[in-house]
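Enquirer: Structure: final-v4.cif, mmCIF, C-alpha atoms and all ligand atoms.
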data_run
loop_
_atom_site.label_atom_id
_atom_site.label_comp_id
_atom_site.auth_asym_id
_atom_site.auth_seq_id
_atom_site.Cartn_x
_atom_site.Cartn_y
_atom_site.Cartn_z
CA MET A 1 18.87 9.96 -15.71
CA ARG A 2 20.65 7.68 -13.29
CA LYS A 3 21.76 10.67 -11.21
CA THR A 4 18.18 11.93 -11.02
CA GLN A 5 16.94 8.57 -9.82
CA ILE A 6 19.56 8.38 -7.10
CA ALA A 7 18.74 11.93 -5.98
CA ALA A 8 15.02 11.09 -5.88
CA ALA A 9 15.68 7.94 -3.89
CA ALA A 10 17.81 9.84 -1.40
CA ARG A 11 14.88 12.07 -0.52
CA LEU A 12 12.74 9.16 0.68
CA LEU A 13 12.28 9.40 4.40
CA VAL A 14 11.28 6.16 6.14
CA ARG A 15 10.22 6.61 9.77
CA LYS A 16 9.34 3.70 11.98
CA ARG A 17 5.96 4.17 13.67
CA VAL A 18 6.20 1.71 16.58
CA PRO A 19 8.88 -0.92 17.22
CA ALA A 20 6.89 -3.96 16.06
CA ILE A 21 5.28 -2.78 12.85
CA GLY A 22 4.72 0.04 10.40
CA ALA A 23 6.71 2.85 8.79
CA SER A 24 5.67 6.20 7.34
CA ILE A 25 7.32 7.16 4.09
CA ASP A 26 7.63 10.74 2.90
CA GLY A 27 9.18 12.26 -0.18
CA VAL A 28 7.59 10.14 -2.88
CA ASP A 29 4.81 10.82 -5.36
CA LEU A 30 3.21 7.43 -5.94
CA ALA A 31 1.93 8.57 -9.33
CA ARG A 32 5.53 8.53 -10.57
CA VAL A 33 7.72 6.08 -8.72
CA THR A 34 11.17 5.41 -10.16
CA ASP A 35 12.68 1.92 -10.14
CA ALA A 36 15.20 3.04 -7.53
CA GLN A 37 12.43 4.38 -5.31
CA PHE A 38 10.40 1.23 -5.74
CA ALA A 39 13.36 -0.87 -4.61
CA GLU A 40 13.40 1.20 -1.40
CA LEU A 41 9.65 0.88 -0.93
CA HIS A 42 9.88 -2.88 -1.37
CA ALA A 43 12.68 -3.12 1.18
CA ALA A 44 10.63 -0.96 3.56
CA LEU A 45 7.58 -3.22 3.21
CA ILE A 46 9.64 -6.33 3.93
CA ALA A 47 11.24 -4.66 6.97
CA HIS A 48 8.14 -2.98 8.43
CA HIS A 49 5.18 -5.08 7.14
CA VAL A 50 2.94 -2.02 6.59
CA ILE A 51 3.96 1.26 4.92
CA PHE A 52 2.01 4.51 5.13
CA PHE A 53 1.99 7.45 2.71
CA ARG A 54 0.27 10.83 3.12
CA ASP A 55 -1.17 13.36 0.69
CA GLN A 56 -1.24 11.25 -2.46
CA GLN A 57 -3.28 12.42 -5.42
CA LEU A 58 -3.88 9.41 -7.61
CA THR A 59 -6.20 8.70 -10.50
CA PRO A 60 -7.51 5.14 -10.76
CA GLU A 61 -4.90 4.61 -13.52
CA ASN A 62 -2.12 5.80 -11.18
CA LEU A 63 -3.39 3.56 -8.40
CA LEU A 64 -3.52 0.51 -10.64
CA ALA A 65 -0.06 1.20 -12.09
CA PHE A 66 1.38 1.54 -8.56
CA ALA A 67 -0.34 -1.68 -7.42
CA ARG A 68 1.07 -3.55 -10.43
CA ARG A 69 4.57 -2.71 -9.19
CA TRP A 70 3.94 -5.17 -6.34
CA GLY A 71 2.58 -7.99 -8.46
CA GLU A 72 -0.43 -9.10 -10.43
CA PRO A 73 -3.75 -7.76 -9.12
CA GLN A 74 -6.14 -10.46 -7.98
CA ALA A 75 -9.16 -11.07 -10.18
CA ALA A 76 -12.13 -8.89 -9.30
CA THR A 77 -14.42 -11.87 -8.81
CA GLU A 78 -12.45 -12.99 -5.75
CA SER A 79 -13.91 -10.33 -3.46
CA SER A 80 -17.46 -9.36 -2.58
CA PHE A 81 -16.91 -5.60 -2.78
CA GLY A 82 -18.37 -3.42 -5.53
CA LYS A 83 -15.94 -2.55 -8.35
CA LEU A 84 -14.99 0.80 -9.82
CA ASP A 85 -16.43 1.39 -13.30
CA ASP A 86 -13.86 0.54 -15.99
CA PHE A 87 -11.45 -0.72 -13.31
CA PRO A 88 -12.56 -4.20 -12.27
CA GLU A 89 -9.33 -4.66 -10.26
CA ILE A 90 -10.36 -1.85 -7.89
CA ASP A 91 -12.61 -2.79 -4.96
CA VAL A 92 -14.75 0.09 -3.72
CA LEU A 93 -15.16 0.12 0.07
CA ASP A 94 -17.95 2.63 0.64
CA TYR A 95 -19.78 2.92 3.95
CA ASP A 96 -21.89 5.47 5.81
CA ALA A 97 -24.93 5.55 8.09
CA THR A 98 -27.17 4.08 5.41
CA ARG A 99 -24.63 1.43 4.42
CA PRO A 100 -23.03 0.72 7.77
CA PRO A 101 -19.83 -1.23 8.22
CA TYR A 102 -20.14 -4.44 10.17
CA VAL A 103 -20.55 -2.84 13.61
CA THR A 104 -19.26 -5.16 16.36
CA LYS A 105 -19.19 -8.00 13.84
CA GLU A 106 -15.96 -7.24 12.04
CA MET A 107 -13.05 -9.33 13.17
CA TRP A 108 -9.34 -9.74 13.05
CA HIS A 109 -8.30 -11.38 9.83
CA THR A 110 -5.61 -11.90 7.22
CA ASP A 111 -7.21 -11.37 3.82
CA PHE A 112 -8.27 -14.42 1.83
CA THR A 113 -6.74 -17.13 4.03
CA GLY A 114 -9.81 -19.20 3.20
CA ARG A 115 -8.16 -19.64 -0.21
CA GLU A 116 -5.25 -21.87 -1.24
CA ARG A 117 -3.25 -18.79 -2.18
CA PRO A 118 -4.06 -15.85 0.07
CA THR A 119 -3.08 -12.46 -1.30
CA MET A 120 0.52 -11.25 -1.04
CA GLY A 121 -0.64 -7.82 0.01
CA SER A 122 -3.03 -4.95 -0.52
CA VAL A 123 -2.93 -1.34 -1.58
CA LEU A 124 -5.61 0.77 0.12
CA TYR A 125 -6.23 4.41 -0.82
CA ALA A 126 -8.42 6.84 1.14
CA LEU A 127 -10.74 9.12 -0.86
CA GLU A 128 -13.15 10.24 1.86
CA ILE A 129 -12.65 9.82 5.59
CA PRO A 130 -14.88 10.60 8.60
CA GLU A 131 -13.61 13.32 10.94
CA SER A 132 -13.28 10.76 13.64
CA GLY A 133 -13.31 7.00 13.60
CA GLY A 134 -12.80 4.50 10.81
CA ASP A 135 -9.26 3.60 11.88
CA THR A 136 -7.53 0.41 10.79
CA ILE A 137 -5.35 -1.69 13.09
CA TRP A 138 -2.63 -4.02 11.79
CA VAL A 139 -0.82 -6.69 13.79
CA SER A 140 2.64 -8.07 13.11
CA LEU A 141 2.40 -11.86 12.99
CA VAL A 142 6.20 -11.92 13.24
CA ALA A 143 6.12 -10.04 16.56
CA ALA A 144 3.33 -12.38 17.70
CA TYR A 145 5.44 -15.44 16.79
CA ASP A 146 8.58 -14.06 18.42
CA ALA A 147 6.70 -13.46 21.68
CA LEU A 148 5.40 -17.03 21.95
CA SER A 149 7.07 -19.23 24.55
CA ASP A 150 9.65 -21.68 23.23
CA ARG A 151 7.33 -24.50 24.30
CA MET A 152 4.43 -23.06 22.28
CA LYS A 153 6.72 -22.56 19.26
CA GLN A 154 7.68 -26.24 19.49
CA TYR A 155 4.03 -27.28 19.85
CA LEU A 156 2.99 -25.35 16.74
CA ALA A 157 6.02 -26.29 14.61
CA GLY A 158 4.84 -28.39 11.66
CA MET A 159 1.19 -28.08 12.68
CA ARG A 160 -1.42 -27.21 10.09
CA ALA A 161 -4.65 -25.28 10.50
CA GLU A 162 -7.92 -25.30 8.60
CA HIS A 163 -9.28 -22.01 7.20
CA ARG A 164 -12.77 -21.47 5.83
CA THR A 165 -14.06 -18.39 4.02
CA VAL A 166 -17.56 -19.02 5.29
CA LYS A 167 -16.38 -18.45 8.87
CA ALA A 168 -15.87 -14.74 8.12
CA PHE A 169 -18.72 -14.37 5.65
CA GLY A 170 -21.43 -16.55 7.16
CA ASP A 171 -25.02 -15.36 7.11
CA ASP A 172 -24.85 -15.42 10.90
CA ILE A 173 -22.46 -12.43 10.91
CA ARG A 174 -22.86 -10.73 7.54
CA SER A 175 -26.49 -11.34 6.68
CA ASN A 176 -26.71 -7.76 5.32
CA LEU A 177 -24.43 -8.79 2.45
CA TRP A 178 -26.63 -11.60 1.22
CA LYS A 179 -30.14 -10.12 1.04
CA ASP A 180 -30.79 -9.75 -2.68
CA ASP A 181 -30.65 -12.44 -5.35
CA ALA A 182 -27.08 -11.64 -6.41
CA GLY A 183 -26.06 -11.76 -2.75
CA LYS A 184 -27.76 -15.09 -2.24
CA ARG A 185 -25.93 -16.54 -5.24
CA ARG A 186 -22.64 -15.16 -3.94
CA PHE A 187 -23.31 -16.69 -0.53
CA GLU A 188 -23.95 -20.10 -2.12
CA GLN A 189 -20.56 -19.81 -3.85
CA ILE A 190 -18.84 -18.94 -0.57
CA LYS A 191 -20.50 -21.84 1.26
CA ALA A 192 -19.35 -24.19 -1.52
CA LEU A 193 -15.66 -23.22 -1.17
CA ALA A 194 -13.72 -26.18 0.20
CA PRO A 195 -11.80 -25.65 3.45
CA VAL A 196 -8.06 -25.13 2.96
CA GLU A 197 -5.04 -25.94 5.12
CA HIS A 198 -2.14 -23.64 5.89
CA PRO A 199 0.83 -24.04 8.23
CA ALA A 200 0.17 -22.55 11.67
CA ILE A 201 3.66 -21.03 11.47
CA ARG A 202 4.45 -19.47 8.12
CA THR A 203 7.89 -18.50 6.87
CA HIS A 204 8.08 -15.26 4.89
CA PRO A 205 9.39 -16.11 1.41
CA VAL A 206 11.63 -13.02 1.22
CA SER A 207 12.77 -12.24 4.76
CA GLY A 208 12.72 -15.80 6.10
CA ARG A 209 11.02 -14.52 9.28
CA LYS A 210 8.52 -16.82 10.96
CA ALA A 211 4.96 -15.62 11.55
CA LEU A 212 2.01 -16.93 13.56
CA PHE A 213 -0.37 -17.59 10.68
CA VAL A 214 -3.77 -18.15 12.27
CA ASN A 215 -6.55 -15.57 12.41
CA GLU A 216 -9.90 -15.32 14.10
CA GLY A 217 -11.70 -14.45 10.87
CA TYR A 218 -10.95 -17.59 8.91
CA THR A 219 -9.10 -20.18 11.00
CA THR A 220 -11.51 -22.89 12.15
CA ARG A 221 -9.29 -25.52 13.76
CA LEU A 222 -5.81 -26.86 14.33
CA LEU A 223 -5.37 -30.20 12.60
CA GLY A 224 -4.09 -33.33 14.30
CA VAL A 225 -5.57 -32.58 17.71
CA ASP A 226 -9.10 -32.99 18.99
CA ARG A 227 -11.69 -30.23 18.90
CA LYS A 228 -11.42 -29.22 22.56
CA GLU A 229 -7.66 -28.86 22.38
CA SER A 230 -7.90 -26.94 19.11
CA ASP A 231 -10.51 -24.54 20.50
CA ALA A 232 -8.48 -23.91 23.64
CA VAL A 233 -5.17 -23.33 21.86
CA LEU A 234 -6.71 -21.18 19.12
CA GLY A 235 -8.52 -19.16 21.79
CA TYR A 236 -5.17 -18.50 23.44
CA LEU A 237 -3.52 -17.60 20.12
CA PHE A 238 -6.33 -15.23 19.04
CA ASP A 239 -6.04 -13.51 22.42
CA HIS A 240 -2.23 -13.35 22.09
CA LEU A 241 -2.62 -11.78 18.61
CA ARG A 242 -4.61 -8.89 20.13
CA THR A 243 -1.60 -7.78 22.24
CA PRO A 244 -1.23 -3.99 21.81
CA GLU A 245 2.56 -4.18 21.47
CA PHE A 246 2.18 -6.10 18.19
CA GLN A 247 -0.18 -3.50 16.71
CA ILE A 248 -0.24 -0.25 14.87
CA ARG A 249 -3.45 1.80 14.69
CA HIS A 250 -3.80 4.26 11.84
CA HIS A 251 -6.18 7.20 11.73
CA TRP A 252 -6.76 7.88 8.07
CA ARG A 253 -6.71 11.19 6.25
CA LYS A 254 -7.97 11.80 2.73
CA GLY A 255 -5.06 11.07 0.37
CA ASP A 256 -3.49 8.41 2.59
CA LEU A 257 -2.31 5.26 0.91
CA VAL A 258 -1.26 2.13 2.79
CA VAL A 259 0.43 -1.01 1.51
CA TRP A 260 0.49 -4.08 3.73
CA ASP A 261 2.23 -7.41 3.50
CA ASN A 262 -0.66 -9.83 3.97
CA ARG A 263 1.73 -12.78 4.48
CA ILE A 264 2.77 -11.66 7.95
CA THR A 265 0.01 -9.34 9.18
CA GLN A 266 -3.61 -9.40 10.18
CA HIS A 267 -5.87 -6.38 10.48
CA TYR A 268 -9.09 -5.01 11.91
CA ALA A 269 -11.27 -2.28 10.41
CA VAL A 270 -12.75 -0.35 13.33
CA ALA A 271 -16.48 0.06 12.65
CA ASP A 272 -17.21 3.15 14.78
CA TYR A 273 -18.30 5.80 12.24
CA ALA A 274 -21.44 7.01 10.51
CA ALA A 275 -20.05 9.66 8.11
CA ARG A 276 -18.96 8.43 4.71
CA ARG A 277 -15.73 6.46 4.43
CA LEU A 278 -14.67 5.73 0.86
CA MET A 279 -11.61 3.71 -0.04
CA TYR A 280 -10.23 2.03 -3.15
CA ARG A 281 -8.48 -1.30 -2.66
CA ILE A 282 -6.38 -3.46 -4.94
CA THR A 283 -5.27 -6.89 -3.74
CA ILE A 284 -2.14 -8.57 -5.11
CA LYS A 285 -1.98 -12.28 -5.87
CA GLY A 286 0.05 -14.38 -3.45
CA ASP A 287 1.74 -17.77 -3.06
CA LYS A 288 0.76 -20.90 -1.27
CA PRO A 289 1.99 -20.37 2.32
CA ASP A 290 4.75 -22.61 3.65
FE FE B 301 -9.33 -7.18 5.16
#
Starting from the file, lay out its structure as structure tokens.
Expert:
Amino acid sequence: MRKTQIAAAARLLVRKRVPAIGASIDGVDLARVTDAQFAELHAALIAHHVIFFRDQQLTPENLLAFARRWGEPQAATESSFGKLDDFPEIDVLDYDATRPPYVTKEMWHTDFTGRERPTMGSVLYALEIPESGGDTIWVSLVAAYDALSDRMKQYLAGMRAEHRTVKAFGDDIRSNLWKDDAGKRRFEQIKALAPVEHPAIRTHPVSGRKALFVNEGYTTRLLGVDRKESDAVLGYLFDHLRTPEFQIRHHWRKGDLVVWDNRITQHYAVADYAARRLMYRITIKGDKPD
């Protein structure tokens, strides 16, 4: 048995996609991952921040079992997406021309930073993909931190930032979500969420790498400085975080599965398609950033 596991692990092929972020992994069937393979996948996620798999054929049970390898799935009630029948942990992201994604209104974000404990990561699985469009872009917050000037690193050291869920889900940008009665109730819940504080520079709990932990979607202000200074510095940082060298852009195919480390990345779902795009997502519970 041990020999088989070692042989299976040896067939994993991890290929870096661009220097800053992302690796493609071949040679693994995610419906049956051995412990030895999972150890390699975990190491790859820590090293590359986002890992990409092709041609996976997973049932919802397989998907959930794979997600549980990474940690405890977040409760279904935490997100506003529809859920898969019998699998409340699985968010269903389903868009087309009649249910359009948030064209021009989507923004760069790290998932759930409006909460005390943002998610550790996500598993996203593609079931139906438009012929063109619908890409996702991820940014390495480690690369973004590393590229800051030493003076800016000193300025941000020890600084905290406020994050608010309502910034990304306000009725001014996502009014389509809150039309019916259930939506209105959900919006009241989101408005009632208290703002949270996170360090502007986060240290990854496993790798020890530092990451620039502010995002346009949720971060509302830097604490300890006045509003004008906060707006100006955050404006600079949001612009810095859009630097192409820190990014990887993925064009999805049906059967693709991506895992990202939400502690040191942000992402952007490009809303440029009309044909159906159907994905299943499971988010994994995370720690309080420090
Ligand atoms: Fe997201």
Enquirer: Mind giving me the straight-line distance from CA of Pro205 in chain A to CA of His49 in chain A in Å, one decimal?
Expert: 13.1 Å
Enquirer: With ligand FE 301 (chain B) as the partner and 12 Å as the cut-off, tabulate the residues of chain A that qualify, each row holding the nearest pair of atoms and their distance in Å to one decimal, using all atoms listed in the file, sorted by chain and rising number, as a Markdown table.
Expert:
| residue | atom | partner | partner_atom | distance |
| --- | --- | --- | --- | --- |
| A:Ser79 | CA | B:FE301 | FE | 10.3 |
| A:Ser80 | CA | B:FE301 | FE | 11.4 |
| A:Phe81 | CA | B:FE301 | FE | 11.1 |
| A:Asp91 | CA | B:FE301 | FE | 11.5 |
| A:Leu93 | CA | B:FE301 | FE | 10.6 |
| A:Glu106 | CA | B:FE301 | FE | 9.6 |
| A:Met107 | CA | B:FE301 | FE | 9.1 |
| A:Trp108 | CA | B:FE301 | FE | 8.3 |
| A:His109 | CA | B:FE301 | FE | 6.4 |
| A:Thr110 | CA | B:FE301 | FE | 6.4 |
| A:Asp111 | CA | B:FE301 | FE | 4.9 |
| A:Phe112 | CA | B:FE301 | FE | 8.0 |
| A:Thr113 | CA | B:FE301 | FE | 10.3 |
| A:Pro118 | CA | B:FE301 | FE | 11.4 |
| A:Thr119 | CA | B:FE301 | FE | 10.4 |
| A:Gly121 | CA | B:FE301 | FE | 10.1 |
| A:Ser122 | CA | B:FE301 | FE | 8.8 |
| A:Val123 | CA | B:FE301 | FE | 11.0 |
| A:Leu124 | CA | B:FE301 | FE | 10.1 |
| A:Thr136 | CA | B:FE301 | FE | 9.6 |
| A:Ile137 | CA | B:FE301 | FE | 10.4 |
| A:Trp138 | CA | B:FE301 | FE | 9.9 |
| A:Ala168 | CA | B:FE301 | FE | 10.4 |
| A:Phe169 | CA | B:FE301 | FE | 11.8 |
| A:Asn215 | CA | B:FE301 | FE | 11.4 |
| A:Gly217 | CA | B:FE301 | FE | 9.5 |
| A:Tyr218 | CA | B:FE301 | FE | 11.2 |
| A:Trp260 | CA | B:FE301 | FE | 10.4 |
| A:Asp261 | CA | B:FE301 | FE | 11.7 |
| A:Asn262 | CA | B:FE301 | FE | 9.1 |
| A:Thr265 | CA | B:FE301 | FE | 10.4 |
| A:Gln266 | CA | B:FE301 | FE | 7.9 |
| A:His267 | CA | B:FE301 | FE | 6.4 |
| A:Tyr268 | CA | B:FE301 | FE | 7.1 |
| A:Ala269 | CA | B:FE301 | FE | 7.4 |
| A:Val270 | CA | B:FE301 | FE | 11.2 |
| A:Arg281 | CA | B:FE301 | FE | 9.8 |
| A:Ile282 | CA | B:FE301 | FE | 11.2 |
| A:Thr283 | CA | B:FE301 | FE | 9.8 |
Enquirer: For CA of Asp239 in chain A and CA of Gly114 in chain A, quote the distance in Å rounded to one decimal.
Expert: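 Going from CA of Asp239 in chain A over to CA of Gly114 in chain A covers 20.4 Å.
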Enquirer: Quick one: residues within 9 Å of Pro195 in chain A, all atoms listed in the file counted, chain neighbours fewer than 4 positions away excluded, as a list in words?
Expert: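 That gives Gly114, Arg115, Glu116, Glu162, His163, Arg164, Thr165 and Val166 of chain A.
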Enquirer: Work out how far CA of Pro199 in chain A is from CA of Asp231 in chain A, in Å to one decimal.
Expert: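 These two atoms are separated by 16.7 Å.
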Enquirer: Restricting the calculation to only C-alpha atoms: of A:Glu78, A:Ile201, A:Val18, A:Tyr125, which residue gets closest to Leu64 in chain A?
Expert: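 Nearest candidate to Leu64 in chain A out of A:Glu78, A:Ile201, A:Val18, A:Tyr125: A:Tyr125.
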